[in-house]
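**Student:** Below is the file protein-v1.cif, which contains mmCIF, C-alpha atoms.
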```cif
data_work
loop_
_atom_site.label_atom_id
_atom_site.label_comp_id
_atom_site.auth_asym_id
_atom_site.auth_seq_id
_atom_site.Cartn_x
_atom_site.Cartn_y
_atom_site.Cartn_z
CA SER A 1 -4.85 -12.15 -8.16
CA ALA A 2 -8.20 -10.36 -8.28
CA VAL A 3 -8.88 -7.53 -10.69
CA ILE A 4 -9.78 -4.40 -8.75
CA SER A 5 -11.34 -1.28 -10.21
CA GLN A 6 -12.11 2.06 -8.61
CA LYS A 7 -14.44 4.85 -9.66
CA PRO A 8 -13.84 7.68 -10.18
CA SER A 9 -10.17 7.55 -11.12
CA ARG A 10 -9.83 11.22 -10.25
CA ASP A 11 -12.01 14.16 -9.30
CA ILE A 12 -11.81 17.81 -8.41
CA CYS A 13 -14.28 18.86 -5.74
CA GLN A 14 -15.29 21.99 -3.90
CA ARG A 15 -14.81 22.27 -0.16
CA GLY A 16 -17.83 21.32 1.90
CA THR A 17 -19.05 18.72 -0.59
CA SER A 18 -18.83 14.92 -0.38
CA LEU A 19 -17.50 12.32 -2.78
CA THR A 20 -18.22 8.61 -2.84
CA ILE A 21 -15.53 6.30 -4.20
CA GLN A 22 -16.40 2.83 -5.38
CA CYS A 23 -14.23 -0.27 -5.27
CA GLN A 24 -15.27 -3.30 -7.32
CA VAL A 25 -13.52 -6.69 -7.35
CA ASP A 26 -14.04 -9.35 -10.01
CA SER A 27 -14.21 -12.17 -7.45
CA GLN A 28 -15.34 -12.60 -3.87
CA VAL A 29 -12.79 -11.56 -1.27
CA THR A 30 -12.77 -11.89 2.48
CA MET A 31 -11.12 -8.61 3.35
CA MET A 32 -11.44 -5.12 1.89
CA PHE A 33 -9.53 -2.12 3.14
CA TRP A 34 -9.33 1.61 2.42
CA TYR A 35 -6.05 3.53 2.49
CA ARG A 36 -5.09 7.15 2.00
CA GLN A 37 -1.90 8.46 0.46
CA GLN A 38 -1.45 12.15 1.09
CA PRO A 39 0.88 14.14 -1.20
CA GLY A 40 4.48 13.15 -0.64
CA GLN A 41 3.58 10.66 2.06
CA SER A 42 3.11 6.96 2.43
CA LEU A 43 -0.07 4.93 2.61
CA THR A 44 -2.13 5.00 5.79
CA LEU A 45 -4.94 2.61 6.59
CA ILE A 46 -8.28 4.37 7.07
CA ALA A 47 -10.48 1.41 7.87
CA THR A 48 -11.38 -2.19 7.25
CA ALA A 49 -14.65 -2.58 5.38
CA ASN A 50 -16.70 -5.33 6.99
CA GLN A 51 -19.48 -7.00 5.10
CA GLY A 52 -22.81 -6.56 6.79
CA SER A 53 -21.50 -4.55 9.72
CA GLU A 54 -19.87 -1.25 10.54
CA ALA A 55 -16.34 -0.66 9.31
CA THR A 56 -13.41 -0.82 11.71
CA TYR A 57 -11.65 2.53 11.77
CA GLU A 58 -8.03 3.26 12.59
CA SER A 59 -7.04 5.89 15.09
CA GLY A 60 -7.57 9.34 13.65
CA PHE A 61 -10.35 8.33 11.27
CA VAL A 62 -14.05 8.52 12.12
CA ILE A 63 -17.22 7.22 10.56
CA ASP A 64 -18.81 10.65 10.23
CA LYS A 65 -15.96 11.82 8.02
CA PHE A 66 -15.33 8.58 6.13
CA PRO A 67 -18.50 6.48 6.03
CA ILE A 68 -17.89 3.09 4.44
CA SER A 69 -20.27 0.53 3.07
CA ARG A 70 -19.70 -3.06 2.07
CA PRO A 71 -22.93 -4.67 0.95
CA ASN A 72 -21.33 -7.85 -0.42
CA LEU A 73 -18.03 -9.67 -0.93
CA THR A 74 -17.08 -7.85 -4.15
CA PHE A 75 -17.98 -4.20 -3.56
CA SER A 76 -17.30 -1.37 -1.15
CA THR A 77 -17.66 2.40 -1.07
CA LEU A 78 -15.80 5.09 0.81
CA THR A 79 -17.33 8.54 1.18
CA VAL A 80 -15.19 11.54 1.97
CA SER A 81 -17.60 13.94 3.68
CA ASN A 82 -17.57 17.68 4.11
CA MET A 83 -14.30 17.91 2.24
CA SER A 84 -11.51 20.39 2.87
CA PRO A 85 -8.26 20.91 0.95
CA GLU A 86 -6.52 18.70 3.53
CA ASP A 87 -8.51 15.77 2.12
CA SER A 88 -6.67 16.05 -1.19
CA SER A 89 -5.07 12.62 -1.48
CA ILE A 90 -5.06 9.38 -3.36
CA TYR A 91 -7.57 6.94 -1.91
CA LEU A 92 -6.93 3.26 -2.52
CA CYS A 93 -8.84 0.13 -1.78
CA SER A 94 -7.10 -3.17 -1.20
CA VAL A 95 -8.38 -6.72 -0.95
CA GLY A 96 -7.17 -9.94 0.60
CA GLN A 97 -8.38 -13.42 1.37
CA GLY A 98 -7.57 -13.21 5.05
CA ALA A 99 -6.32 -10.82 7.70
CA GLN A 100 -2.83 -12.33 7.45
CA GLU A 101 -2.79 -12.66 3.68
CA THR A 102 -1.36 -10.59 0.86
CA GLN A 103 -3.26 -7.44 -0.02
CA TYR A 104 -3.72 -6.35 -3.62
CA PHE A 105 -4.42 -2.76 -4.44
CA GLY A 106 -6.78 -0.98 -6.75
CA PRO A 107 -5.62 1.79 -9.08
CA GLY A 108 -6.57 4.53 -6.66
CA THR A 109 -8.76 7.63 -6.82
CA ARG A 110 -6.91 10.93 -7.02
CA LEU A 111 -8.90 13.62 -5.23
CA LEU A 112 -8.22 17.34 -5.30
CA VAL A 113 -10.29 19.60 -3.07
CA LEU A 114 -10.35 23.29 -3.87
CA ALA K 1 3.90 2.66 18.02
CA GLN K 2 4.71 0.29 15.22
CA SER K 3 6.55 1.87 12.31
CA VAL K 4 8.42 1.05 9.12
CA SER K 5 11.47 3.01 8.09
CA GLN K 6 12.97 3.12 4.62
CA HIS K 7 16.44 4.58 4.69
CA ASN K 8 16.55 6.22 1.31
CA HIS K 9 14.05 8.72 -0.01
CA HIS K 10 15.48 8.96 -3.52
CA VAL K 11 18.09 6.72 -5.13
CA ILE K 12 19.67 7.44 -8.50
CA LEU K 13 21.60 4.67 -10.26
CA SER K 14 22.98 3.95 -13.68
CA GLU K 15 21.85 0.88 -15.57
CA ALA K 16 23.63 -2.31 -14.51
CA ALA K 17 24.41 -0.94 -11.05
CA SER K 18 23.46 -3.02 -8.05
CA LEU K 19 20.59 -1.96 -5.84
CA GLU K 20 19.91 -2.34 -2.16
CA LEU K 21 17.01 -0.54 -0.49
CA GLY K 22 16.87 -0.66 3.28
CA CYS K 23 13.76 -1.35 5.32
CA ASN K 24 13.51 -1.65 9.10
CA TYR K 25 10.45 -2.08 11.24
CA SER K 26 9.67 -1.69 14.90
CA TYR K 27 7.49 -4.51 16.21
CA GLY K 28 8.47 -7.38 18.44
CA GLY K 29 5.84 -9.85 17.34
CA THR K 30 5.24 -11.99 14.29
CA VAL K 31 5.05 -10.17 10.99
CA ASN K 32 4.51 -10.76 7.32
CA LEU K 33 6.69 -8.57 5.11
CA PHE K 34 6.14 -7.11 1.67
CA TRP K 35 7.71 -4.96 -0.96
CA TYR K 36 5.36 -3.18 -3.33
CA VAL K 37 6.33 -1.24 -6.43
CA GLN K 38 4.55 1.58 -8.20
CA TYR K 39 5.75 2.23 -11.75
CA PRO K 40 5.05 5.68 -13.23
CA GLY K 41 1.36 5.98 -14.06
CA GLN K 42 0.54 2.53 -12.73
CA HIS K 43 -1.00 1.25 -9.55
CA LEU K 44 0.71 -0.39 -6.62
CA GLN K 45 1.87 -3.95 -7.38
CA LEU K 46 3.28 -6.70 -5.23
CA LEU K 47 6.99 -7.25 -5.82
CA LEU K 48 7.65 -9.97 -3.26
CA LYS K 49 6.63 -11.17 0.18
CA TYR K 50 7.89 -13.08 3.17
CA PHE K 51 5.63 -15.09 5.43
CA SER K 52 7.85 -17.83 6.83
CA GLY K 53 10.59 -20.27 5.88
CA ASP K 54 13.69 -19.33 3.88
CA PRO K 55 14.45 -15.72 4.84
CA LEU K 56 15.75 -15.02 1.35
CA VAL K 57 12.78 -14.55 -0.94
CA LYS K 58 12.71 -13.96 -4.64
CA GLY K 59 10.19 -11.81 -6.44
CA ILE K 60 9.38 -10.69 -9.92
CA LYS K 61 11.84 -9.05 -12.33
CA GLY K 62 14.95 -10.36 -10.57
CA PHE K 63 14.32 -8.73 -7.21
CA GLU K 64 15.02 -10.47 -3.93
CA ALA K 65 14.80 -9.55 -0.27
CA GLU K 66 16.31 -10.91 2.90
CA PHE K 67 14.53 -11.02 6.23
CA ILE K 68 16.93 -10.65 9.15
CA LYS K 69 14.83 -11.12 12.25
CA SER K 70 17.53 -10.01 14.69
CA LYS K 71 17.86 -6.71 12.85
CA PHE K 72 14.14 -6.22 12.17
CA SER K 73 15.12 -5.68 8.55
CA PHE K 74 13.81 -6.69 5.15
CA ASN K 75 16.14 -5.15 2.57
CA LEU K 76 15.40 -5.29 -1.13
CA ARG K 77 18.15 -6.12 -3.61
CA LYS K 78 18.75 -6.48 -7.31
CA PRO K 79 22.17 -7.27 -8.78
CA SER K 80 21.76 -5.22 -11.95
CA VAL K 81 19.06 -2.59 -12.41
CA GLN K 82 17.45 -1.60 -15.67
CA TRP K 83 15.92 1.66 -16.79
CA SER K 84 12.51 -0.03 -16.53
CA ASP K 85 13.04 -0.44 -12.78
CA THR K 86 12.47 3.29 -12.35
CA ALA K 87 9.60 3.40 -9.85
CA GLU K 88 8.68 4.03 -6.26
CA TYR K 89 9.25 1.14 -3.87
CA PHE K 90 7.34 0.64 -0.64
CA CYS K 91 8.20 -1.70 2.19
CA ALA K 92 5.19 -2.84 4.23
CA VAL K 93 4.69 -4.88 7.37
CA LEU K 94 1.57 -6.80 8.30
CA LEU K 95 1.23 -7.35 12.03
CA TYR K 96 -0.20 -10.60 13.26
CA ASN K 97 -3.54 -10.37 15.01
CA GLN K 98 -4.05 -6.73 14.01
CA GLY K 99 -6.90 -7.35 11.62
CA GLY K 100 -4.88 -7.10 8.45
CA LYS K 101 -3.40 -3.66 9.04
CA LEU K 102 -0.49 -3.00 6.70
CA ILE K 103 2.02 -0.44 7.87
CA PHE K 104 3.95 1.19 5.04
CA GLY K 105 7.33 2.82 4.92
CA GLN K 106 7.74 6.25 3.42
CA GLY K 107 8.70 4.89 0.02
CA THR K 108 11.92 5.11 -1.98
CA GLU K 109 11.93 6.67 -5.39
CA LEU K 110 14.39 4.88 -7.68
CA SER K 111 15.59 6.60 -10.82
CA VAL K 112 17.70 4.54 -13.21
CA LYS K 113 19.66 6.44 -15.82
CA PRO K 114 20.04 4.71 -19.19
#
```
Translate the structure described by the file into structure tokens.
**Tutor:**
Amino acid sequence: SAVISQKPSRDICQRGTSLTIQCQVDSQVTMMFWYRQQPGQSLTLIATANQGSEATYESGFVIDKFPISRPNLTFSTLTVSNMSPEDSSIYLCSVGQGAQETQYFGPGTRLLVL
Amino acid sequence: AQSVSQHNHHVILSEAASLELGCNYSYGGTVNLFWYVQYPGQHLQLLLKYFSGDPLVKGIKGFEAEFIKSKFSFNLRKPSVQWSDTAEYFCAVLLYNQGGKLIFGQGTELSVKP
């Protein structure tokens, strides 16, 4: 499976600021996704990162709050904008070679908003 | 709405005990099924998966799972657990024709006492 890295691994941010999280894969992948894991909860899909076009967001998530870029087949970014303490979560990217294929997860970015 | 339910939030076992973690999902269409594991301090890893064929699938480290379509279940089993199996286990369902959206259960924390 692909090797997936995320930067930063963790951060502490002030409310009202924004943080951009990077996801890098060591090989080209068809699909890239962003998930959120809030404290004590399970993983929830935020959006599918589409190369060369706007991301596809799940219900409850909007582009203004979570802008996503995917400039090529190995890299994507997720920005958490205008942060509040409720955004404190682990953010994970996952990759797969097709919409029906296995997804492999990055190590996650642990975000704390004060 | 589609959902995945894991019956146990926290399971405590002694080494060599048998393990069964329940997972049920609510979706009437075709699904791919997964169990992921997150060991302490590590990222989410694939334990096993079911796409089609033999409903009894074997994964890494002696784990297996059985897909029972009529019960919408995909329970995880291991005949004899080890201390190193201490981790959080997530059941996940991938819905066909939903763009790769994985729906996760709440997770089950397994603690194995040496």
**Student:** Give me, as a list in words, all polymer residues having an atom no more than 7 Å from stretch 50-65 of chain A, counting only C-alpha atoms and skipping those fewer than 6 positions away in the same chain.
**Tutor:** Pro71, Asn72, Leu73, Val80 and Ser81 of chain A
**Student:** What do you get, as an MDAnalysis selection string, if you spell out every residue that the PyMOL selection byres ((chain K) within 10 of (chain A)) selects here?
**Tutor:** chainID K and resid 31:34 36 41:46 48:51 90 92 94:107
**Student:** With C-alpha atoms retained, write the just-selected residues as an mmCIF file, keeping the file's coordinate frame.
**Tutor:**
```cif
data_model
loop_
_atom_site.group_PDB
_atom_site.id
_atom_site.type_symbol
_atom_site.label_atom_id
_atom_site.label_comp_id
_atom_site.auth_asym_id
_atom_site.auth_seq_id
_atom_site.Cartn_x
_atom_site.Cartn_y
_atom_site.Cartn_z
ATOM 1 C CA VAL K 31 5.050 -10.170 10.990
ATOM 2 C CA ASN K 32 4.510 -10.760 7.320
ATOM 3 C CA LEU K 33 6.690 -8.570 5.110
ATOM 4 C CA PHE K 34 6.140 -7.110 1.670
ATOM 5 C CA TYR K 36 5.360 -3.180 -3.330
ATOM 6 C CA GLY K 41 1.360 5.980 -14.060
ATOM 7 C CA GLN K 42 0.540 2.530 -12.730
ATOM 8 C CA HIS K 43 -1.000 1.250 -9.550
ATOM 9 C CA LEU K 44 0.710 -0.390 -6.620
ATOM 10 C CA GLN K 45 1.870 -3.950 -7.380
ATOM 11 C CA LEU K 46 3.280 -6.700 -5.230
ATOM 12 C CA LEU K 48 7.650 -9.970 -3.260
ATOM 13 C CA LYS K 49 6.630 -11.170 0.180
ATOM 14 C CA TYR K 50 7.890 -13.080 3.170
ATOM 15 C CA PHE K 51 5.630 -15.090 5.430
ATOM 16 C CA PHE K 90 7.340 0.640 -0.640
ATOM 17 C CA ALA K 92 5.190 -2.840 4.230
ATOM 18 C CA LEU K 94 1.570 -6.800 8.300
ATOM 19 C CA LEU K 95 1.230 -7.350 12.030
ATOM 20 C CA TYR K 96 -0.200 -10.600 13.260
ATOM 21 C CA ASN K 97 -3.540 -10.370 15.010
ATOM 22 C CA GLN K 98 -4.050 -6.730 14.010
ATOM 23 C CA GLY K 99 -6.900 -7.350 11.620
ATOM 24 C CA GLY K 100 -4.880 -7.100 8.450
ATOM 25 C CA LYS K 101 -3.400 -3.660 9.040
ATOM 26 C CA LEU K 102 -0.490 -3.000 6.700
ATOM 27 C CA ILE K 103 2.020 -0.440 7.870
ATOM 28 C CA PHE K 104 3.950 1.190 5.040
ATOM 29 C CA GLY K 105 7.330 2.820 4.920
ATOM 30 C CA GLN K 106 7.740 6.250 3.420
ATOM 31 C CA GLY K 107 8.700 4.890 0.020
#
```
**Student:** Would you write out, as a short mmCIF file (atom, residue, chain, number, x, y, z; two decimals) with C-alpha atoms, in the coordinates of the input, every residue that the PyMOL selection byres ((chain A and resi 13) around 12) captures in this file?
**Tutor:**
```cif
data_model
loop_
_atom_site.label_atom_id
_atom_site.label_comp_id
_atom_site.auth_asym_id
_atom_site.auth_seq_id
_atom_site.Cartn_x
_atom_site.Cartn_y
_atom_site.Cartn_z
CA ARG A 10 -9.83 11.22 -10.25
CA ASP A 11 -12.01 14.16 -9.30
CA ILE A 12 -11.81 17.81 -8.41
CA GLN A 14 -15.29 21.99 -3.90
CA ARG A 15 -14.81 22.27 -0.16
CA GLY A 16 -17.83 21.32 1.90
CA THR A 17 -19.05 18.72 -0.59
CA SER A 18 -18.83 14.92 -0.38
CA LEU A 19 -17.50 12.32 -2.78
CA THR A 20 -18.22 8.61 -2.84
CA VAL A 80 -15.19 11.54 1.97
CA SER A 81 -17.60 13.94 3.68
CA ASN A 82 -17.57 17.68 4.11
CA MET A 83 -14.30 17.91 2.24
CA SER A 84 -11.51 20.39 2.87
CA PRO A 85 -8.26 20.91 0.95
CA ASP A 87 -8.51 15.77 2.12
CA SER A 88 -6.67 16.05 -1.19
CA SER A 89 -5.07 12.62 -1.48
CA ARG A 110 -6.91 10.93 -7.02
CA LEU A 111 -8.90 13.62 -5.23
CA LEU A 112 -8.22 17.34 -5.30
CA VAL A 113 -10.29 19.60 -3.07
CA LEU A 114 -10.35 23.29 -3.87
#
```
**Student:** Select all residues near (-15.7, 0.9, -7.9) (cut-off 10 Å, inclusive, file coordinates), counting all atoms listed in the file, and output them as a VMD selection string.
**Tutor:** chain A and resid 4 to 9 20 to 25 74 to 78 93 106 108 to 109
**Student:** Suppose we keep C-alpha atoms; can you now write the selection as a compact mmCIF listing (two decimals), in the coordinates of the input?
**Tutor:**
```txt
# COMPACT_ATOMS: atom_id res chain seq x y z
CA ILE A 4 -9.78 -4.40 -8.75
CA SER A 5 -11.34 -1.28 -10.21
CA GLN A 6 -12.11 2.06 -8.61
CA LYS A 7 -14.44 4.85 -9.66
CA PRO A 8 -13.84 7.68 -10.18
CA SER A 9 -10.17 7.55 -11.12
CA THR A 20 -18.22 8.61 -2.84
CA ILE A 21 -15.53 6.30 -4.20
CA GLN A 22 -16.40 2.83 -5.38
CA CYS A 23 -14.23 -0.27 -5.27
CA GLN A 24 -15.27 -3.30 -7.32
CA VAL A 25 -13.52 -6.69 -7.35
CA THR A 74 -17.08 -7.85 -4.15
CA PHE A 75 -17.98 -4.20 -3.56
CA SER A 76 -17.30 -1.37 -1.15
CA THR A 77 -17.66 2.40 -1.07
CA LEU A 78 -15.80 5.09 0.81
CA CYS A 93 -8.84 0.13 -1.78
CA GLY A 106 -6.78 -0.98 -6.75
CA GLY A 108 -6.57 4.53 -6.66
CA THR A 109 -8.76 7.63 -6.82
```
**Student:** Can you tell me, as a PyMOL selection string, which residues sit within 10 Å of (18.3, -17.1, -0.7) in the file's frame, using all atoms listed in the file?
**Tutor:** chain K and resi 54-58+64-67
**Student:** Could you jot down the atom CA of K:Cys23 to atom CA of A:Val95 separation for me, Å, one decimal place?
**Tutor:**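 Separating atom CA of K:Cys23 from atom CA of A:Val95 is a distance of 23.6 Å.
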**Student:** For K:Ala87, list every protein, DNA or RNA residue within 8 Å, evaluated using all atoms listed in the file, and leave out those in the same chain fewer than 5 positions away; present the list as number ranges by chain.
**Tutor:** K: 37-40, 109-111
**Student:** Please produce a file of the residues just selected, as a PDB file, in the coordinates of the input, where the atoms kept are C-alpha atoms.
**Tutor:**
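Saved file result22.pdb follows:
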```pdb
ATOM      1  CA  VAL K  37       6.330  -1.240  -6.430  1.00  0.00           C
ATOM      2  CA  GLN K  38       4.550   1.580  -8.200  1.00  0.00           C
ATOM      3  CA  TYR K  39       5.750   2.230 -11.750  1.00  0.00           C
ATOM      4  CA  PRO K  40       5.050   5.680 -13.230  1.00  0.00           C
ATOM      5  CA  GLU K 109      11.930   6.670  -5.390  1.00  0.00           C
ATOM      6  CA  LEU K 110      14.390   4.880  -7.680  1.00  0.00           C
ATOM      7  CA  SER K 111      15.590   6.600 -10.820  1.00  0.00           C
TER       8      SER K 111
END
```
**Student:** Just give me the gap between atom CA of K:Glu20 and atom CA of K:Asn75 in Å, one decimal is fine.
**Tutor:** 6.7 Å
**Student:** Can you work out the spacing between atom CA of A:Pro39 and atom CA of K:His10 in Å, to one decimal?
**Tutor:**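 About the pair atom CA of A:Pro39 and atom CA of K:His10: they are 15.7 Å apart.
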**Student:** Which is closest to K:Gly29 among K:Val93, K:Pro114, K:Trp83, K:His7, if we use all atoms listed in the file?
**Tutor:**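 Using all atoms listed in the file, K:Gly29 sits closest to K:Val93.
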**Student:** Could you check which of K:Asn8, K:Ser52, K:Ser3, K:Ser80 is closest to K:Gly22, using all atoms listed in the file?
**Tutor:**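 Smallest separation from K:Gly22 among the options: K:Asn8.
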**Student:** Could you list the residues chosen by the PyMOL selection byres ((chain K and resi 17) around 12) in this structure as a PDB file with C-alpha atoms, in the coordinates of the input?
**Tutor:**
```pdb
ATOM      1  CA  VAL K  11      18.090   6.720  -5.130  1.00  0.00           C
ATOM      2  CA  ILE K  12      19.670   7.440  -8.500  1.00  0.00           C
ATOM      3  CA  LEU K  13      21.600   4.670 -10.260  1.00  0.00           C
ATOM      4  CA  SER K  14      22.980   3.950 -13.680  1.00  0.00           C
ATOM      5  CA  GLU K  15      21.850   0.880 -15.570  1.00  0.00           C
ATOM      6  CA  ALA K  16      23.630  -2.310 -14.510  1.00  0.00           C
ATOM      7  CA  SER K  18      23.460  -3.020  -8.050  1.00  0.00           C
ATOM      8  CA  LEU K  19      20.590  -1.960  -5.840  1.00  0.00           C
ATOM      9  CA  GLU K  20      19.910  -2.340  -2.160  1.00  0.00           C
ATOM     10  CA  ARG K  77      18.150  -6.120  -3.610  1.00  0.00           C
ATOM     11  CA  LYS K  78      18.750  -6.480  -7.310  1.00  0.00           C
ATOM     12  CA  PRO K  79      22.170  -7.270  -8.780  1.00  0.00           C
ATOM     13  CA  SER K  80      21.760  -5.220 -11.950  1.00  0.00           C
ATOM     14  CA  VAL K  81      19.060  -2.590 -12.410  1.00  0.00           C
ATOM     15  CA  GLN K  82      17.450  -1.600 -15.670  1.00  0.00           C
ATOM     16  CA  TRP K  83      15.920   1.660 -16.790  1.00  0.00           C
ATOM     17  CA  ASP K  85      13.040  -0.440 -12.780  1.00  0.00           C
ATOM     18  CA  SER K 111      15.590   6.600 -10.820  1.00  0.00           C
ATOM     19  CA  VAL K 112      17.700   4.540 -13.210  1.00  0.00           C
ATOM     20  CA  LYS K 113      19.660   6.440 -15.820  1.00  0.00           C
ATOM     21  CA  PRO K 114      20.040   4.710 -19.190  1.00  0.00           C
TER      22      PRO K 114
END
```
**Student:** Output, as AutoDock Vina command-line options, the centre and edge lengths in Å (one decimal) of the axis-aligned box that contains all listed atoms of stretch 52-64 of chain A with 8 Å of margin on each side.
**Tutor:**
```
--center_x -14.9 --center_y 2.0 --center_z 10.9 --size_x 31.8 --size_y 33.2 --size_z 24.3
```
